[in-house]
file input08.cif (mmCIF, C-alpha atoms)
data_target
#
loop_
_atom_site.label_atom_id
_atom_site.label_comp_id
_atom_site.auth_asym_id
_atom_site.auth_seq_id
_atom_site.Cartn_x
_atom_site.Cartn_y
_atom_site.Cartn_z
CA MET A 165 10.72 96.57 127.87
CA GLN A 166 13.90 96.88 126.18
CA TRP A 167 13.61 93.40 124.78
CA SER A 168 10.28 94.24 123.44
CA ARG A 169 11.66 97.24 121.66
CA ILE A 170 14.46 95.18 120.23
CA VAL A 171 12.04 92.48 119.09
CA VAL A 172 9.69 95.04 117.55
CA ALA A 173 12.62 96.70 115.81
CA GLY A 174 13.78 93.31 114.58
CA PHE A 175 10.34 92.51 113.22
CA VAL A 176 10.19 95.86 111.52
CA MET A 177 13.56 95.28 109.92
CA PHE A 178 12.62 91.78 108.97
CA ALA A 179 9.38 93.01 107.42
CA ALA A 180 11.24 95.78 105.67
CA GLY A 181 13.72 93.25 104.36
CA LEU A 182 10.89 91.13 103.08
CA GLY A 183 9.32 94.14 101.45
CA VAL A 184 12.55 95.05 99.73
CA SER A 185 13.15 91.54 98.60
CA THR A 186 9.57 91.30 97.39
CA LYS A 187 9.94 94.57 95.48
CA ALA A 188 13.25 93.44 94.05
CA SER A 189 11.75 90.17 92.94
CA GLN A 190 8.79 92.00 91.36
CA THR A 191 10.87 94.63 89.50
CA PRO A 192 12.30 92.31 86.81
CA ALA A 193 8.80 91.00 86.11
CA ARG A 194 7.46 94.52 85.78
CA GLN A 195 10.45 95.52 83.68
CA SER A 196 10.00 92.61 81.29
CA THR A 197 6.28 93.41 80.97
CA ALA A 198 7.09 97.06 80.30
CA GLN A 199 9.71 96.06 77.72
CA GLU A 200 7.23 93.73 76.07
CA GLU A 201 4.79 96.65 75.76
CA VAL A 202 7.39 99.19 74.61
CA LEU A 203 9.03 97.10 71.89
CA PRO A 204 5.83 96.59 69.82
CA ALA A 205 4.99 100.27 70.23
CA LEU A 206 8.48 101.23 69.05
CA LEU A 207 8.18 98.84 66.13
CA VAL A 208 4.87 100.43 65.11
CA GLU A 209 6.43 103.88 65.41
CA VAL A 210 9.46 102.89 63.30
CA ARG A 211 7.17 101.45 60.63
CA GLY A 212 5.13 104.65 60.64
CA LEU A 213 8.26 106.75 60.28
CA ARG A 214 9.45 104.56 57.41
CA ALA A 215 6.10 104.96 55.64
CA ALA A 216 6.22 108.74 56.17
CA MET A 217 9.77 108.91 54.81
CA GLU A 218 8.79 106.85 51.76
CA GLN A 219 5.83 109.14 51.14
CA MET A 220 8.02 112.21 51.41
CA ALA A 221 10.62 110.65 49.13
CA SER A 222 7.99 109.89 46.51
CA ALA A 223 6.35 113.31 46.90
CA GLY A 224 9.40 115.17 45.58
CA PRO A 225 9.44 113.54 42.15
CA ARG A 226 5.64 113.76 41.94
CA VAL A 227 5.78 117.48 42.66
CA GLN A 228 8.53 117.99 40.08
CA LEU A 229 6.61 115.99 37.49
CA ALA A 230 3.40 117.90 38.12
CA LEU A 231 5.23 121.21 38.01
CA GLY A 232 6.88 120.24 34.72
CA ARG A 233 3.49 119.37 33.26
CA VAL A 234 2.04 122.70 34.35
CA GLN A 235 4.99 124.54 32.80
CA LEU A 236 4.65 122.63 29.52
CA GLN A 237 0.95 123.38 29.46
CA GLU A 238 1.63 127.06 30.08
CA GLN A 239 4.03 127.03 27.12
CA ARG A 240 1.36 125.43 24.94
CA VAL A 241 -1.18 128.04 25.99
CA ASN A 242 1.28 130.88 25.40
CA ASN A 243 2.26 129.51 21.97
CA LEU A 244 -1.40 129.22 21.00
CA LEU A 245 -2.05 132.77 22.20
CA ARG A 246 0.84 134.00 20.04
CA ARG A 247 -0.41 132.04 17.03
CA ILE A 248 -3.95 133.35 17.55
CA GLU A 249 -2.68 136.93 17.62
CA GLU A 250 -0.72 136.31 14.42
CA GLY A 251 -3.76 134.64 12.87
CA ARG A 252 -5.97 137.58 13.78
CA GLY A 253 -3.42 139.88 12.17
CA HIS A 254 -3.53 137.77 8.98
CA VAL A 255 -7.35 137.83 9.01
CA ALA A 256 -7.34 141.62 9.40
CA ASP A 257 -4.81 141.97 6.55
CA ALA A 258 -6.88 139.69 4.31
CA GLN A 259 -10.06 141.61 5.12
CA ARG A 260 -8.37 144.93 4.28
CA ALA A 261 -7.12 143.49 0.98
CA TYR A 262 -10.64 142.17 0.23
CA GLU A 263 -12.23 145.55 0.99
CA GLN A 264 -9.61 147.32 -1.10
CA ALA A 265 -10.30 144.96 -4.03
CA GLN A 266 -14.04 145.66 -3.68
CA GLN A 267 -13.38 149.41 -3.82
CA GLU A 268 -11.23 148.98 -6.92
CA ILE A 269 -13.96 146.94 -8.61
CA ARG A 270 -16.55 149.62 -7.74
CA GLY A 271 -14.20 152.24 -9.22
CA ILE A 272 -13.74 150.16 -12.39
CA GLU A 273 -17.51 149.62 -12.68
CA GLY A 274 -18.01 153.38 -12.39
CA ALA A 275 -15.39 153.99 -15.08
CA ILE A 276 -17.13 151.44 -17.35
CA ARG A 277 -20.54 153.13 -16.85
CA GLU A 278 -19.10 156.59 -17.44
CA PRO A 279 -15.96 156.22 -19.58
CA ARG A 280 -13.67 159.22 -19.70
CA PRO A 281 -12.34 160.34 -23.05
CA ASP A 282 -8.76 160.41 -21.80
CA GLY A 283 -9.16 157.10 -19.86
CA PRO A 284 -8.55 153.51 -20.92
CA PRO A 285 -10.98 151.90 -23.36
CA VAL A 286 -14.04 150.09 -21.95
CA ALA A 287 -12.82 146.66 -23.19
CA GLU A 288 -9.60 147.10 -21.26
CA LEU A 289 -11.53 148.19 -18.13
CA GLN A 290 -13.75 145.11 -18.45
CA GLU A 291 -10.67 142.87 -18.63
CA ILE A 292 -9.21 144.56 -15.53
CA GLN A 293 -12.59 144.14 -13.83
CA ARG A 294 -12.64 140.36 -14.52
CA GLY A 295 -9.09 140.02 -13.17
CA ARG A 296 -9.96 141.97 -10.01
CA GLN A 297 -13.10 139.86 -9.52
CA ARG A 298 -10.94 136.71 -9.65
CA ASP A 299 -8.64 138.36 -7.10
CA LEU A 300 -11.69 139.26 -4.99
CA ALA A 301 -12.89 135.64 -5.02
CA ARG A 302 -9.42 134.45 -4.00
CA LEU A 303 -9.27 137.08 -1.24
CA ALA A 304 -12.74 136.06 0.01
CA ALA A 305 -11.58 132.44 0.18
CA ASP A 306 -8.46 133.55 2.06
CA VAL A 307 -10.57 135.50 4.56
CA GLN A 308 -12.83 132.47 5.10
CA ARG A 309 -9.89 130.08 5.46
CA LEU A 310 -8.03 132.34 7.88
CA THR A 311 -11.21 132.96 9.89
CA ALA A 312 -11.81 129.20 10.12
CA GLU A 313 -8.20 128.61 11.18
CA SER A 314 -8.59 131.30 13.82
CA ALA A 315 -11.77 129.62 15.12
CA VAL A 316 -9.96 126.27 15.33
CA MET A 317 -7.10 127.88 17.24
CA ASP A 318 -9.62 129.51 19.61
CA ALA A 319 -11.14 126.07 20.28
CA ASP A 320 -7.66 124.60 20.77
CA LEU A 321 -6.87 127.39 23.20
CA ALA A 322 -10.01 126.67 25.22
CA SER A 323 -9.04 122.99 25.36
CA GLU A 324 -5.44 123.73 26.37
CA GLN A 325 -6.60 126.21 29.00
CA GLY A 326 -8.92 123.52 30.38
CA ARG A 327 -5.97 121.15 30.65
CA TRP A 328 -3.92 123.86 32.31
CA ILE A 329 -6.68 124.48 34.85
CA GLU A 330 -6.91 120.73 35.55
CA LEU A 331 -3.15 120.44 36.07
CA ASN A 332 -3.16 123.52 38.26
CA GLN A 333 -5.91 121.99 40.39
CA ARG A 334 -3.86 118.81 40.72
CA MET A 335 -0.89 120.88 41.88
CA GLU A 336 -3.06 122.62 44.46
CA ALA A 337 -4.39 119.26 45.70
CA LEU A 338 -0.85 117.92 45.93
CA GLU A 339 0.20 121.02 47.82
CA GLN A 340 -2.69 120.59 50.24
CA SER A 341 -1.80 116.94 50.82
CA LEU A 342 1.78 117.93 51.63
CA VAL A 343 0.64 120.67 54.00
CA ARG A 344 -1.59 118.23 55.94
CA ARG A 345 1.38 115.99 56.72
#

call {"tool": "encode", "arguments": {"input": "input08.cif", "output": "structure tokens"}}
result
Amino acid sequence: MQWSRIVVAGFVMFAAGLGVSTKASQTPARQSTAQEEVLPALLVEVRGLRAAMEQMASAGPRVQLALGRVQLQEQRVNNLLRRIEEGRGHVADAQRAYEQAQQEIRGIEGAIREPRPDGPPVAELQEIQRGRQRDLARLAADVQRLTAESAVMDADLASEQGRWIELNQRMEALEQSLVRR
């Protein structure tokens, strides 16, 4: 019985030895297969990281460029707003001068219709009236010119504001693309 136990124990050890040697001989094959699978995956990951780093590196200058464009456009809009305000002030001044010239002409016409004995002679009033009418025509032309210039500046402002809105939308899209990463 004892022999049988020794033989069984020997077989068990022999089988265990075979199992270990079989596992040991299989481990390098499994390791090489695992390495063959890991290396391409790592290579793909490294390439992905490189692409992401290149995108991030190119995003900085693109953001700075877009921001610079938005700032320049804001300056254009602000300059146009300032010029429009000045233009409107010039139009208002020209309109006041035109209205004042009209009042003076009406006063001269009244003085011509009803001359005063202590006032200037009618011929002199008529000469003043002709001069003021020339001034009135010049002032009317100034009002029209300044009004037209103001309308052009208003159209320019609308165009520049449209560009500003477009650039601002581009900045928002760029910001969204950076947030998604």

call {"tool": "closest_residue", "arguments": {"input": "input08.cif", "among": "A:Ala337, A:Val241, A:Val343, A:Ala287", "to": "Asp320 (chain A)", "atoms": "all atoms listed in the file"}}
result
A:Val241

call {"tool": "resolve_selection", "arguments": {"input": "input08.cif", "expression": "the PyMOL selection byres ((chain A and resi 238) around 12)", "output": "ChimeraX atom specification"}}
result
/A:231-237,239-245,321,324-332

call {"tool": "resolve_selection", "arguments": {"input": "input08.cif", "expression": "the PyMOL selection byres ((chain A and resi 293) around 10)", "output": "CSV table (one decimal) with C-alpha atoms, in the frame of the given file"}}
result
chain,number,residue,atom,x,y,z
A,268,GLU,CA,-11.2,149.0,-6.9
A,269,ILE,CA,-14.0,146.9,-8.6
A,270,ARG,CA,-16.6,149.6,-7.7
A,271,GLY,CA,-14.2,152.2,-9.2
A,272,ILE,CA,-13.7,150.2,-12.4
A,273,GLU,CA,-17.5,149.6,-12.7
A,276,ILE,CA,-17.1,151.4,-17.4
A,287,ALA,CA,-12.8,146.7,-23.2
A,288,GLU,CA,-9.6,147.1,-21.3
A,289,LEU,CA,-11.5,148.2,-18.1
A,290,GLN,CA,-13.8,145.1,-18.4
A,291,GLU,CA,-10.7,142.9,-18.6
A,292,ILE,CA,-9.2,144.6,-15.5
A,294,ARG,CA,-12.6,140.4,-14.5
A,295,GLY,CA,-9.1,140.0,-13.2
A,296,ARG,CA,-10.0,142.0,-10.0
A,297,GLN,CA,-13.1,139.9,-9.5
A,298,ARG,CA,-10.9,136.7,-9.6
A,299,ASP,CA,-8.6,138.4,-7.1

call {"tool": "atom_distance", "arguments": {"input": "input08.cif", "atom1": "CA of Arg260 (chain A)", "atom2": "CA of Ile248 (chain A)"}}
result
18.2 Å

call {"tool": "atom_distance", "arguments": {"input": "input08.cif", "atom1": "CA of Ala301 (chain A)", "atom2": "CA of Gly253 (chain A)"}}
result
20.1 Å

call {"tool": "atom_distance", "arguments": {"input": "input08.cif", "atom1": "CA of Val307 (chain A)", "atom2": "CA of Gln259 (chain A)"}}
result
6.2 Å

call {"tool": "resolve_selection", "arguments": {"input": "input08.cif", "expression": "the PyMOL selection byres ((chain A and resi 251) around 10)", "output": "ChimeraX atom specification"}}
result
/A:245-250,252-257,310-311,313-315,317

call {"tool": "axis_aligned_box", "arguments": {"input": "input08.cif", "around": "region 327-331 of chain A", "padding_each_side": "5 Å", "output": "lines of an AutoDock Vina configuration file"}}
result
center_x = -5.0
center_y = 122.5
center_z = 33.4
size_x = 13.8
size_y = 14.0
size_z = 15.4
